[in-house]
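S.K.: Let me give you the structure first, and then I'll get to my questions.
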Amino acid sequence: MFLFIGDGMGINQRTLAAQFADHPLCMDKFPSHGITTTSAANRFITDSAAAATALACGEKTNVGVLGLDHGLKPLKSIAEMARDRGMKVGVITTVSLDNATPAGFYAHVASRKQYYDIALALTKSNFDYFAGGGLVDVENKRSHKADSSGGGGNKIDDTGIQTSVNALDLARKNGYTIVTTRGEFLSFAPGDGKLIVMPGGAGKGKALPYELDRQETDISLARLTQKGIELLQGESGFFMMVEGGKIDWACHANDAATAVADIIAFDDAIGQALEFYEKHPEETLIVVTADHECGGMSLGVVDTGYETNFKLLEYQKMSFQGFRNEMVNRVSSKVIPPSFEDILPLITSSFGLGPGGEANINLSSMEMDKLKAAYGESVSHIRKKVTHFSHKKKKVSKRKARQKCPEGNNKASKPSIFYGREDPLTVTLTRMLNHRAGIGWTTFSHTGIPVLTSAIGPGHGAFSGMYDNSDIGKKLMVLMGKK
């Protein structure tokens with residue numbers, strides 16, 4: 001049994017990815033499709049914790065809660081049910097393994113921010129295969145550290161002071177092998193025991209790279225899924241949850257190109273499951289869904305009318321995060337930040353946007369002025385975080401640096417409705433490119449728009465029609481044979 005969750009992947013995002021790819025996605029070829037509502041118990045627009053609990057446990061809960069009902073009573077997940085029936089279990093994600101969606105299948109905490117408790121729950125789960133980013137808080141150093149899971153995470157040191165057990169050490173004690181390199185990952189074989197794969201580094205809480213930024217040496221979501229099938233398959237059967245977690249992050253940033261690339265990579269992982277299904281069609285169920293839509297994406301905007309040109313997204317060569325990191329590095333590493341004209345070649349090479357010449361998409365003078373203003377906002381944000389900049393033996397104050405860089409004089413006064421939590425220049429660039437392609441956004445947050453669920457395999461017809469996300473958990477449990 002496979003459950004694929006595209007975090008933040010609405011019907012609109014799925015449609016855009018298929019249009020951009022010029023062919024139907026694997027998930028679109030499934031025989032059964034249903035419309036799924038996503039509200040939480042206490043709010044119409046859900047978060048990933050409440051949605052994961054609904055999908056994993058078949059019950060509604062409040063936003064922020066994992067594996068507990070709205071009265072904070074523990075719920076059993078489909079993954080735990082599979083484990084208790086003797087099946088092997090795998091949990092795979094592109095974000096950290098203690099993030100809300102993966103944690104919804106093994107943790108039972110009142111707050112998704114209880115990262116240490118969630119890490120302890122992972123070590124105790126006795127699931128067979130975890131793969132994704134590292135863990136955020138392996139030593140109980142963050143503020144949300146109740147250890148309410150009863151995980152035995154505390155110990156008394158030689159001085160009589162209570163400290164916390166390192167969750168990674170506890171995982172190894174509980175029989176897990178933790179690998180962080182591609183070589184270790186590739187060499188791990190069936191029969192070698194329980195495995196935790198953290199390509200971003202154990203204990204760092206890092207996510208996997210966006211598909212637009214992924215290098216050939218980076219392990220793809222499809223490869224992680226393929227490895228999971230290799231390690232989990234056997235006579236007892238298995239349950240695997242696979243999350244495309246950074247689709248949501250890209251949509252929070254209103255970055256359509258990055259979201260599309262991650263959806264296509266997510267669909268490649270579904271393709272791995274489909275290959276397994278084709279060999280075992282009578283005993284393999286694949287369900288693909290989303291926890292919620294993110295960004296309020298529209299396919300069609302007022303300025304382009306009925307016209308779209310989604311292929312313009314090909315001009316974007318890196319994710320919003322990759323561009324932002326490069327720009328921040330250039331601005332913060334100089335005594336006097338680069339002028340807008342200095343940064344313009346990076347804009348053109350990354351997004352294809354510019355005033356002409358090397359640009360693939362020529363911008364008007366009004367659009368250029370908008371980018372220049374946004375860059376000024378970005379410089380102000382970046383320089384605020386630095387007290388002074390050293391250059392050889394000379395120190396230049398932020399005030400003098402701003403005086404020498406006109407763009408840096410702009411005050412970061414615009415409210416979050418303009419940029420969300422993102423860098424002003426970066427989000428202006430992604431929105432400008434998206435707008436030219438005929439793609440719009442209404443928010444930097446989740447929406448309450450229903451999502452699409454697709455299924456193939458025994459019992460796939462149960463996923464046709466219209467139903468709530470908590471019904472997906474119930475349906476999976478029935479099909480698995482809940483007593």
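Ordered as shown in the structure tokens, chains take letters A, B, and onward, while each chain numbers its residues from 1 and ligands are numbered from 1 in the order shown.
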Show me, as a PyMOL selection string, the residues that have an atom within 7 Å of range 214-229 of chain A when counting only C-alpha atoms, minus same-chain residues fewer than 4 positions from it.

M.R.: chain A and resi 90+94+129+131+182+209-210+233+265-266+268-269+272

S.K.: Residues near Thr304 in chain A, anyone? I mean within 9 Å using only C-alpha atoms, not counting same-chain ones fewer than 6 positions away, as a VMD selection string.

M.R.: chain A and resid 435 to 438

S.K.: Put those residues in a file: all heavy atoms, as a PDB file, in the first residue's frame.

M.R.:
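Result file selection.pdb:
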```pdb
ATOM      1  N   HIS A 435       3.391  35.831 -13.907  1.00  0.00           N
ATOM      2  CA  HIS A 435       2.353  36.659 -14.519  1.00  0.00           C
ATOM      3  C   HIS A 435       2.470  36.642 -16.040  1.00  0.00           C
ATOM      4  O   HIS A 435       1.463  36.517 -16.748  1.00  0.00           O
ATOM      5  CB  HIS A 435       2.471  38.090 -13.991  1.00  0.00           C
ATOM      6  CG  HIS A 435       1.294  38.953 -14.291  1.00  0.00           C
ATOM      7  ND1 HIS A 435       0.182  39.000 -13.473  1.00  0.00           N
ATOM      8  CD2 HIS A 435       1.030  39.776 -15.325  1.00  0.00           C
ATOM      9  CE1 HIS A 435      -0.702  39.827 -13.987  1.00  0.00           C
ATOM     10  NE2 HIS A 435      -0.215  40.319 -15.112  1.00  0.00           N
ATOM     11  N   ARG A 436       3.691  36.724 -16.536  1.00  0.00           N
ATOM     12  CA  ARG A 436       3.902  36.665 -17.984  1.00  0.00           C
ATOM     13  C   ARG A 436       3.436  35.317 -18.552  1.00  0.00           C
ATOM     14  O   ARG A 436       2.978  35.235 -19.688  1.00  0.00           O
ATOM     15  CB  ARG A 436       5.380  36.878 -18.305  1.00  0.00           C
ATOM     16  CG  ARG A 436       5.868  38.316 -18.148  1.00  0.00           C
ATOM     17  CD  ARG A 436       5.216  39.239 -19.164  1.00  0.00           C
ATOM     18  NE  ARG A 436       5.836  40.559 -19.184  1.00  0.00           N
ATOM     19  CZ  ARG A 436       6.750  40.957 -20.053  1.00  0.00           C
ATOM     20  NH1 ARG A 436       7.173  40.126 -20.989  1.00  0.00           N
ATOM     21  NH2 ARG A 436       7.246  42.180 -19.999  1.00  0.00           N
ATOM     22  N   ALA A 437       3.562  34.259 -17.748  1.00  0.00           N
ATOM     23  CA  ALA A 437       3.151  32.922 -18.183  1.00  0.00           C
ATOM     24  C   ALA A 437       1.645  32.705 -18.073  1.00  0.00           C
ATOM     25  O   ALA A 437       1.108  31.719 -18.587  1.00  0.00           O
ATOM     26  CB  ALA A 437       3.886  31.862 -17.366  1.00  0.00           C
ATOM     27  N   GLY A 438       0.944  33.631 -17.381  1.00  0.00           N
ATOM     28  CA  GLY A 438      -0.495  33.493 -17.184  1.00  0.00           C
ATOM     29  C   GLY A 438      -0.854  32.796 -15.894  1.00  0.00           C
ATOM     30  O   GLY A 438      -1.904  32.152 -15.786  1.00  0.00           O
TER      31      GLY A 438
END
```

S.K.: Please return, as an MDAnalysis selection string, all residues of range 207-319 of chain A that DSSP assigns to alpha helix (DSSP H) on the basis of the backbone.

M.R.: chainID A and resid 221:232 246:252 256:279

S.K.: Export, as a short mmCIF file (atom, residue, chain, number, x, y, z; two decimals), in the first residue's frame, the selected residues with N, CA and C atoms.

M.R.:
```cif
data_model
loop_
_atom_site.label_atom_id
_atom_site.label_comp_id
_atom_site.auth_asym_id
_atom_site.auth_seq_id
_atom_site.Cartn_x
_atom_site.Cartn_y
_atom_site.Cartn_z
N LEU A 221 13.94 12.04 -4.89
CA LEU A 221 12.80 11.43 -4.22
C LEU A 221 12.45 10.10 -4.87
N ALA A 222 12.56 10.02 -6.19
CA ALA A 222 12.28 8.76 -6.89
C ALA A 222 13.25 7.67 -6.44
N ARG A 223 14.52 8.03 -6.27
CA ARG A 223 15.52 7.03 -5.85
C ARG A 223 15.27 6.59 -4.41
N LEU A 224 14.87 7.51 -3.56
CA LEU A 224 14.54 7.14 -2.18
C LEU A 224 13.35 6.19 -2.16
N THR A 225 12.39 6.44 -3.05
CA THR A 225 11.21 5.57 -3.13
C THR A 225 11.58 4.19 -3.67
N GLN A 226 12.40 4.19 -4.70
CA GLN A 226 12.86 2.92 -5.27
C GLN A 226 13.59 2.08 -4.22
N LYS A 227 14.44 2.74 -3.44
CA LYS A 227 15.18 2.03 -2.39
C LYS A 227 14.23 1.48 -1.33
N GLY A 228 13.22 2.27 -1.00
CA GLY A 228 12.24 1.80 -0.02
C GLY A 228 11.53 0.55 -0.49
N ILE A 229 11.15 0.52 -1.75
CA ILE A 229 10.49 -0.68 -2.31
C ILE A 229 11.43 -1.87 -2.22
N GLU A 230 12.68 -1.64 -2.56
CA GLU A 230 13.68 -2.70 -2.53
C GLU A 230 13.84 -3.28 -1.12
N LEU A 231 13.83 -2.40 -0.10
CA LEU A 231 14.07 -2.84 1.27
C LEU A 231 12.82 -3.40 1.95
N LEU A 232 11.64 -2.92 1.57
CA LEU A 232 10.41 -3.27 2.29
C LEU A 232 9.64 -4.44 1.70
N LYS A 246 8.23 19.92 -0.37
CA LYS A 246 8.65 21.27 -0.73
C LYS A 246 7.81 21.90 -1.84
N ILE A 247 6.83 21.15 -2.35
CA ILE A 247 5.84 21.76 -3.25
C ILE A 247 5.16 22.90 -2.48
N ASP A 248 4.82 22.62 -1.25
CA ASP A 248 4.17 23.59 -0.38
C ASP A 248 5.06 24.81 -0.15
N TRP A 249 6.32 24.58 0.13
CA TRP A 249 7.23 25.70 0.40
C TRP A 249 7.36 26.60 -0.83
N ALA A 250 7.43 26.00 -2.00
CA ALA A 250 7.53 26.79 -3.24
C ALA A 250 6.26 27.62 -3.45
N CYS A 251 5.11 27.04 -3.11
CA CYS A 251 3.86 27.78 -3.28
C CYS A 251 3.71 28.88 -2.23
N HIS A 252 4.22 28.65 -1.02
CA HIS A 252 4.24 29.74 -0.03
C HIS A 252 5.02 30.93 -0.59
N ALA A 256 6.10 29.36 -9.08
CA ALA A 256 5.46 28.31 -9.87
C ALA A 256 6.48 27.35 -10.49
N ALA A 257 7.58 27.87 -11.00
CA ALA A 257 8.57 27.02 -11.66
C ALA A 257 9.14 25.99 -10.70
N THR A 258 9.46 26.43 -9.48
CA THR A 258 10.00 25.51 -8.48
C THR A 258 8.96 24.49 -8.06
N ALA A 259 7.72 24.93 -7.89
CA ALA A 259 6.64 24.00 -7.52
C ALA A 259 6.43 22.96 -8.61
N VAL A 260 6.43 23.38 -9.87
CA VAL A 260 6.22 22.46 -11.00
C VAL A 260 7.34 21.42 -11.04
N ALA A 261 8.58 21.86 -10.89
CA ALA A 261 9.70 20.93 -10.92
C ALA A 261 9.59 19.90 -9.80
N ASP A 262 9.16 20.33 -8.62
CA ASP A 262 9.02 19.39 -7.50
C ASP A 262 7.82 18.46 -7.70
N ILE A 263 6.76 18.93 -8.34
CA ILE A 263 5.62 18.06 -8.63
C ILE A 263 6.02 16.98 -9.64
N ILE A 264 6.77 17.36 -10.64
CA ILE A 264 7.22 16.38 -11.63
C ILE A 264 8.16 15.36 -10.98
N ALA A 265 9.03 15.82 -10.07
CA ALA A 265 9.89 14.89 -9.34
C ALA A 265 9.06 13.97 -8.44
N PHE A 266 8.03 14.51 -7.83
CA PHE A 266 7.08 13.73 -7.02
C PHE A 266 6.40 12.68 -7.89
N ASP A 267 6.01 13.08 -9.09
CA ASP A 267 5.36 12.14 -10.01
C ASP A 267 6.33 11.05 -10.46
N ASP A 268 7.62 11.38 -10.57
CA ASP A 268 8.62 10.36 -10.89
C ASP A 268 8.68 9.30 -9.79
N ALA A 269 8.53 9.74 -8.53
CA ALA A 269 8.49 8.80 -7.42
C ALA A 269 7.25 7.92 -7.50
N ILE A 270 6.12 8.51 -7.90
CA ILE A 270 4.90 7.73 -8.11
C ILE A 270 5.14 6.70 -9.21
N GLY A 271 5.92 7.08 -10.21
CA GLY A 271 6.26 6.16 -11.29
C GLY A 271 6.98 4.91 -10.79
N GLN A 272 7.79 5.07 -9.76
CA GLN A 272 8.46 3.91 -9.16
C GLN A 272 7.45 2.96 -8.54
N ALA A 273 6.47 3.52 -7.84
CA ALA A 273 5.42 2.69 -7.25
C ALA A 273 4.58 2.04 -8.34
N LEU A 274 4.34 2.76 -9.44
CA LEU A 274 3.54 2.22 -10.54
C LEU A 274 4.25 1.04 -11.20
N GLU A 275 5.57 1.11 -11.30
CA GLU A 275 6.32 -0.03 -11.83
C GLU A 275 6.14 -1.26 -10.95
N PHE A 276 6.14 -1.05 -9.63
CA PHE A 276 5.92 -2.16 -8.71
C PHE A 276 4.49 -2.69 -8.86
N TYR A 277 3.54 -1.77 -8.99
CA TYR A 277 2.14 -2.16 -9.18
C TYR A 277 1.97 -3.03 -10.42
N GLU A 278 2.63 -2.67 -11.50
CA GLU A 278 2.49 -3.43 -12.75
C GLU A 278 3.00 -4.86 -12.62
N LYS A 279 3.88 -5.09 -11.68
CA LYS A 279 4.36 -6.45 -11.41
C LYS A 279 3.46 -7.18 -10.43
#
```

S.K.: Using DSSP assignments from the backbone, pull out every residue in range 230-384 of chain A that falls under strand (DSSP E or B) and give it to me as a ChimeraX atom specification.

M.R.: /A:238-244,286-289,293-294,298-299,353-354,361-362

S.K.: With only C-alpha atoms as the counted atoms, please give the residues lying no more than 10 Å from Asp423 in chain A, apart from itself and same-chain residues fewer than 5 positions off, as a list in words.

M.R.: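 Listed by chain and then number, they are Ala253, Phe320, Gln321, Phe323, Arg324, Asn325, Met327, Val328, Ala374, Tyr375, Glu377, Ser378, Val379, His381, Ile382 and Thr428 of chain A.
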
S.K.: Create the file for the chosen residues now, containing N, CA and C atoms and written as a JSON list (two decimals), in the first residue's frame.

M.R.:
```json
[["chain", "number", "residue", "atom", "x", "y", "z"],
["A", 253, "ALA", "N", 6.06, 30.65, -1.37],
["A", 253, "ALA", "CA", 6.89, 31.70, -1.97],
["A", 253, "ALA", "C", 6.36, 32.18, -3.31],
["A", 320, "PHE", "N", 13.57, 29.85, -5.92],
["A", 320, "PHE", "CA", 13.57, 31.12, -5.21],
["A", 320, "PHE", "C", 14.61, 31.12, -4.11],
["A", 321, "GLN", "N", 14.75, 29.98, -3.44],
["A", 321, "GLN", "CA", 15.70, 29.89, -2.34],
["A", 321, "GLN", "C", 17.14, 29.97, -2.84],
["A", 323, "PHE", "N", 18.20, 31.46, -5.58],
["A", 323, "PHE", "CA", 18.46, 32.84, -5.99],
["A", 323, "PHE", "C", 18.65, 33.73, -4.77],
["A", 324, "ARG", "N", 17.76, 33.59, -3.81],
["A", 324, "ARG", "CA", 17.84, 34.43, -2.61],
["A", 324, "ARG", "C", 19.18, 34.24, -1.90],
["A", 325, "ASN", "N", 19.60, 32.99, -1.77],
["A", 325, "ASN", "CA", 20.87, 32.72, -1.09],
["A", 325, "ASN", "C", 22.04, 33.37, -1.82],
["A", 327, "MET", "N", 21.90, 36.01, -3.84],
["A", 327, "MET", "CA", 21.83, 37.46, -3.72],
["A", 327, "MET", "C", 22.25, 37.92, -2.32],
["A", 328, "VAL", "N", 21.78, 37.23, -1.30],
["A", 328, "VAL", "CA", 22.15, 37.58, 0.08],
["A", 328, "VAL", "C", 23.66, 37.49, 0.26],
["A", 374, "ALA", "N", 12.13, 46.80, -5.40],
["A", 374, "ALA", "CA", 12.14, 45.56, -4.61],
["A", 374, "ALA", "C", 13.56, 45.22, -4.16],
["A", 375, "TYR", "N", 14.54, 45.47, -5.03],
["A", 375, "TYR", "CA", 15.92, 45.21, -4.65],
["A", 375, "TYR", "C", 16.33, 46.12, -3.49],
["A", 377, "GLU", "N", 14.37, 47.17, -1.17],
["A", 377, "GLU", "CA", 13.77, 46.55, 0.02],
["A", 377, "GLU", "C", 14.62, 45.37, 0.50],
["A", 378, "SER", "N", 15.10, 44.58, -0.44],
["A", 378, "SER", "CA", 15.91, 43.42, -0.09],
["A", 378, "SER", "C", 17.21, 43.83, 0.59],
["A", 379, "VAL", "N", 17.87, 44.83, 0.03],
["A", 379, "VAL", "CA", 19.13, 45.32, 0.62],
["A", 379, "VAL", "C", 18.89, 45.80, 2.04],
["A", 381, "HIS", "N", 16.56, 44.85, 4.15],
["A", 381, "HIS", "CA", 16.33, 43.68, 5.01],
["A", 381, "HIS", "C", 17.64, 43.00, 5.35],
["A", 382, "ILE", "N", 18.48, 42.79, 4.34],
["A", 382, "ILE", "CA", 19.73, 42.05, 4.53],
["A", 382, "ILE", "C", 20.68, 42.83, 5.42],
["A", 428, "THR", "N", 9.17, 39.21, -6.09],
["A", 428, "THR", "CA", 8.77, 40.07, -7.20],
["A", 428, "THR", "C", 9.15, 39.44, -8.53]]
```

S.K.: If you measure from CA of Thr442 in chain A to CA of Gly296 in chain A, what distance in Å do you get, rounded to one decimal?

M.R.: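 Taking CA of Thr442 in chain A and CA of Gly296 in chain A, their separation equals 5.0 Å.
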
S.K.: Please list as a list in words every residue within 10 Å of Asp169 in chain A, counting only C-alpha atoms and excluding residues in the same chain fewer than 4 positions away.

M.R.: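 So, after excluding close chain neighbours, the residues are Thr123, Val138, Glu139, Val165, Lys173, Asn174, Tyr176 and Ile178 of chain A.
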
S.K.: Show me a table, sorted first by chain and then by increasing residue number, of the residues of range 222-335 of chain A having an atom at most 12 Å from range 458-469 of chain A, each with its shortest atom pair and the distance in Å to one decimal, counting only C-alpha atoms and written as CSV.

M.R.:
```
residue,atom,partner,partner_atom,distance
A:Tyr277,CA,A:Pro458,CA,10.4
A:His280,CA,A:Pro458,CA,10.6
A:Pro281,CA,A:Pro458,CA,7.8
A:Glu282,CA,A:Pro458,CA,6.3
A:Glu283,CA,A:Pro458,CA,6.6
A:Thr284,CA,A:Pro458,CA,6.7
A:Leu285,CA,A:Pro458,CA,5.8
A:Ile286,CA,A:His460,CA,8.1
A:Val287,CA,A:His460,CA,8.0
A:Val288,CA,A:Phe463,CA,10.0
A:Thr289,CA,A:Asn469,CA,9.0
A:Ala290,CA,A:Asn469,CA,8.9
A:Asp291,CA,A:Asn469,CA,7.8
A:His292,CA,A:Asn469,CA,9.4
```

S.K.: Between A:Leu97, A:Ala82, A:Leu186, A:Leu346, single out the one closest to Asn126 in chain A, counting only C-alpha atoms.

M.R.: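 The shortest atom-to-atom distance to Asn126 in chain A comes from A:Ala82.
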
S.K.: What's the separation between CA of Thr308 in chain A and CA of Ile361 in chain A, in Å to one decimal place?

M.R.: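 Those two atoms sit 14.6 Å apart.
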
S.K.: Give me, as a ChimeraX atom specification, all polymer residues having an atom no more than 6 Å from Ser77 in chain A, counting only C-alpha atoms and skipping those fewer than 4 positions away in the same chain.

M.R.: /A:56-57,105

S.K.: From the set A:Gly244, A:Gly200, A:Gly86, A:Gly8, which residue has the shortest atom-to-atom contact distance to Ser48 in chain A, counting only C-alpha atoms?

M.R.: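 Smallest separation from Ser48 in chain A among the options: A:Gly8.
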
S.K.: Excluding range 40-42 of chain A and its own-chain neighbours fewer than 3 positions away, which residues fall within 12 Å of it when counting only C-alpha atoms? Please give them as JSON, numbers by chain.

M.R.: {"A": [37, 45, 46, 47, 48, 49, 50, 51, 52, 53, 54, 55, 59, 60, 61, 62, 63, 64, 65, 66, 68, 69, 70, 71, 291, 292, 447, 448, 468, 469, 470]}

S.K.: Next, write the just-selected residues to a file, as a CSV table (one decimal), in the first residue's frame, keeping N, CA, C and O atoms as the atom set.

M.R.:
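Saved to result-v6.csv:
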```csv
chain,number,residue,atom,x,y,z
A,37,THR,N,-12.1,17.4,0.5
A,37,THR,CA,-12.1,18.6,1.4
A,37,THR,C,-11.0,18.4,2.5
A,37,THR,O,-10.7,17.3,2.8
A,45,ILE,N,-9.4,26.6,7.0
A,45,ILE,CA,-8.2,26.4,6.3
A,45,ILE,C,-7.2,25.7,7.2
A,45,ILE,O,-6.8,26.2,8.3
A,46,THR,N,-6.8,24.5,6.8
A,46,THR,CA,-6.0,23.6,7.7
A,46,THR,C,-4.6,23.9,7.6
A,46,THR,O,-4.1,24.8,6.9
A,47,ASP,N,-3.8,23.3,8.5
A,47,ASP,CA,-2.4,23.2,8.4
A,47,ASP,C,-2.0,21.8,8.1
A,47,ASP,O,-2.8,20.9,8.1
A,48,SER,N,-0.7,21.5,7.9
A,48,SER,CA,-0.2,20.2,7.6
A,48,SER,C,-0.3,19.2,8.7
A,48,SER,O,-0.4,18.0,8.4
A,49,ALA,N,-0.3,19.7,9.9
A,49,ALA,CA,-0.4,18.7,11.1
A,49,ALA,C,-1.8,18.1,11.2
A,49,ALA,O,-2.0,16.9,11.3
A,50,ALA,N,-2.8,19.0,11.2
A,50,ALA,CA,-4.2,18.5,11.2
A,50,ALA,C,-4.5,17.7,10.0
A,50,ALA,O,-5.2,16.6,10.1
A,51,ALA,N,-4.0,18.1,8.8
A,51,ALA,CA,-4.3,17.3,7.6
A,51,ALA,C,-3.6,16.0,7.7
A,51,ALA,O,-4.2,15.0,7.3
A,52,ALA,N,-2.3,15.9,8.1
A,52,ALA,CA,-1.6,14.6,8.2
A,52,ALA,C,-2.3,13.7,9.2
A,52,ALA,O,-2.4,12.5,8.9
A,53,THR,N,-2.8,14.2,10.3
A,53,THR,CA,-3.6,13.4,11.3
A,53,THR,C,-4.8,12.8,10.6
A,53,THR,O,-5.1,11.6,10.8
A,54,ALA,N,-5.5,13.6,9.9
A,54,ALA,CA,-6.7,13.2,9.2
A,54,ALA,C,-6.4,12.1,8.2
A,54,ALA,O,-7.1,11.0,8.1
A,55,LEU,N,-5.4,12.3,7.4
A,55,LEU,CA,-5.0,11.3,6.4
A,55,LEU,C,-4.4,10.0,7.0
A,55,LEU,O,-4.7,8.9,6.5
A,59,GLU,N,-9.2,10.7,11.5
A,59,GLU,CA,-10.0,11.6,12.4
A,59,GLU,C,-9.6,13.0,12.3
A,59,GLU,O,-8.4,13.3,12.1
A,60,LYS,N,-10.5,13.9,12.4
A,60,LYS,CA,-10.3,15.3,12.4
A,60,LYS,C,-9.6,15.7,13.7
A,60,LYS,O,-9.8,15.2,14.8
A,61,THR,N,-8.7,16.7,13.7
A,61,THR,CA,-8.1,17.3,14.9
A,61,THR,C,-7.9,18.8,14.6
A,61,THR,O,-8.1,19.3,13.5
A,62,ASN,N,-7.4,19.5,15.6
A,62,ASN,CA,-7.1,20.9,15.5
A,62,ASN,C,-5.8,21.2,14.8
A,62,ASN,O,-4.9,20.4,14.8
A,63,VAL,N,-5.7,22.4,14.3
A,63,VAL,CA,-4.4,22.8,13.7
A,63,VAL,C,-3.3,22.7,14.7
A,63,VAL,O,-3.4,23.0,15.8
A,64,GLY,N,-2.1,22.2,14.1
A,64,GLY,CA,-0.9,22.1,15.0
A,64,GLY,C,-0.8,20.8,15.7
A,64,GLY,O,0.3,20.5,16.3
A,65,VAL,N,-1.9,20.0,15.8
A,65,VAL,CA,-1.9,18.7,16.5
A,65,VAL,C,-1.5,17.6,15.7
A,65,VAL,O,-2.0,17.5,14.5
A,66,LEU,N,-0.7,16.6,16.2
A,66,LEU,CA,-0.3,15.5,15.5
A,66,LEU,C,-0.7,14.2,16.2
A,66,LEU,O,-0.3,14.0,17.4
A,68,LEU,N,-3.3,13.1,17.6
A,68,LEU,CA,-4.2,13.2,18.7
A,68,LEU,C,-5.5,13.7,18.2
A,68,LEU,O,-5.5,14.5,17.2
A,69,ASP,N,-6.7,13.4,18.8
A,69,ASP,CA,-7.9,14.0,18.3
A,69,ASP,C,-8.1,15.4,18.9
A,69,ASP,O,-7.2,15.8,19.6
A,70,HIS,N,-9.2,16.0,18.6
A,70,HIS,CA,-9.3,17.4,19.1
A,70,HIS,C,-9.4,17.5,20.6
A,70,HIS,O,-9.3,18.6,21.2
A,71,GLY,N,-9.6,16.4,21.3
A,71,GLY,CA,-9.6,16.3,22.7
A,71,GLY,C,-8.3,15.8,23.3
A,71,GLY,O,-8.1,15.5,24.5
A,291,ASP,N,-2.5,17.4,1.1
A,291,ASP,CA,-3.0,17.8,2.4
A,291,ASP,C,-3.8,19.1,2.4
A,291,ASP,O,-4.7,19.3,3.2
A,292,HIS,N,-3.5,19.9,1.4
A,292,HIS,CA,-4.2,21.2,1.2
A,292,HIS,C,-3.6,21.9,0.0
A,292,HIS,O,-2.6,21.5,-0.6
A,447,THR,N,-4.9,27.6,1.4
A,447,THR,CA,-6.3,27.9,1.1
A,447,THR,C,-7.2,26.7,1.5
A,447,THR,O,-6.7,25.6,1.8
A,448,GLY,N,-8.5,27.0,1.4
A,448,GLY,CA,-9.5,25.9,1.7
A,448,GLY,C,-10.0,25.2,0.5
A,448,GLY,O,-11.0,24.4,0.6
A,468,ASP,N,-14.2,13.8,2.6
A,468,ASP,CA,-13.3,14.5,3.4
A,468,ASP,C,-11.9,13.8,3.5
A,468,ASP,O,-11.8,12.6,3.3
A,469,ASN,N,-10.9,14.6,3.8
A,469,ASN,CA,-9.6,14.0,3.9
A,469,ASN,C,-9.5,12.9,5.0
A,469,ASN,O,-8.8,11.9,4.9
A,470,SER,N,-10.3,13.1,6.1
A,470,SER,CA,-10.3,12.0,7.1
A,470,SER,C,-10.9,10.7,6.6
A,470,SER,O,-10.5,9.6,7.1
```

S.K.: So how far away is CA of Thr426 in chain A from CA of Ser365 in chain A, in Å?

M.R.: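 Computing it gives 18.5 Å between the two atoms.
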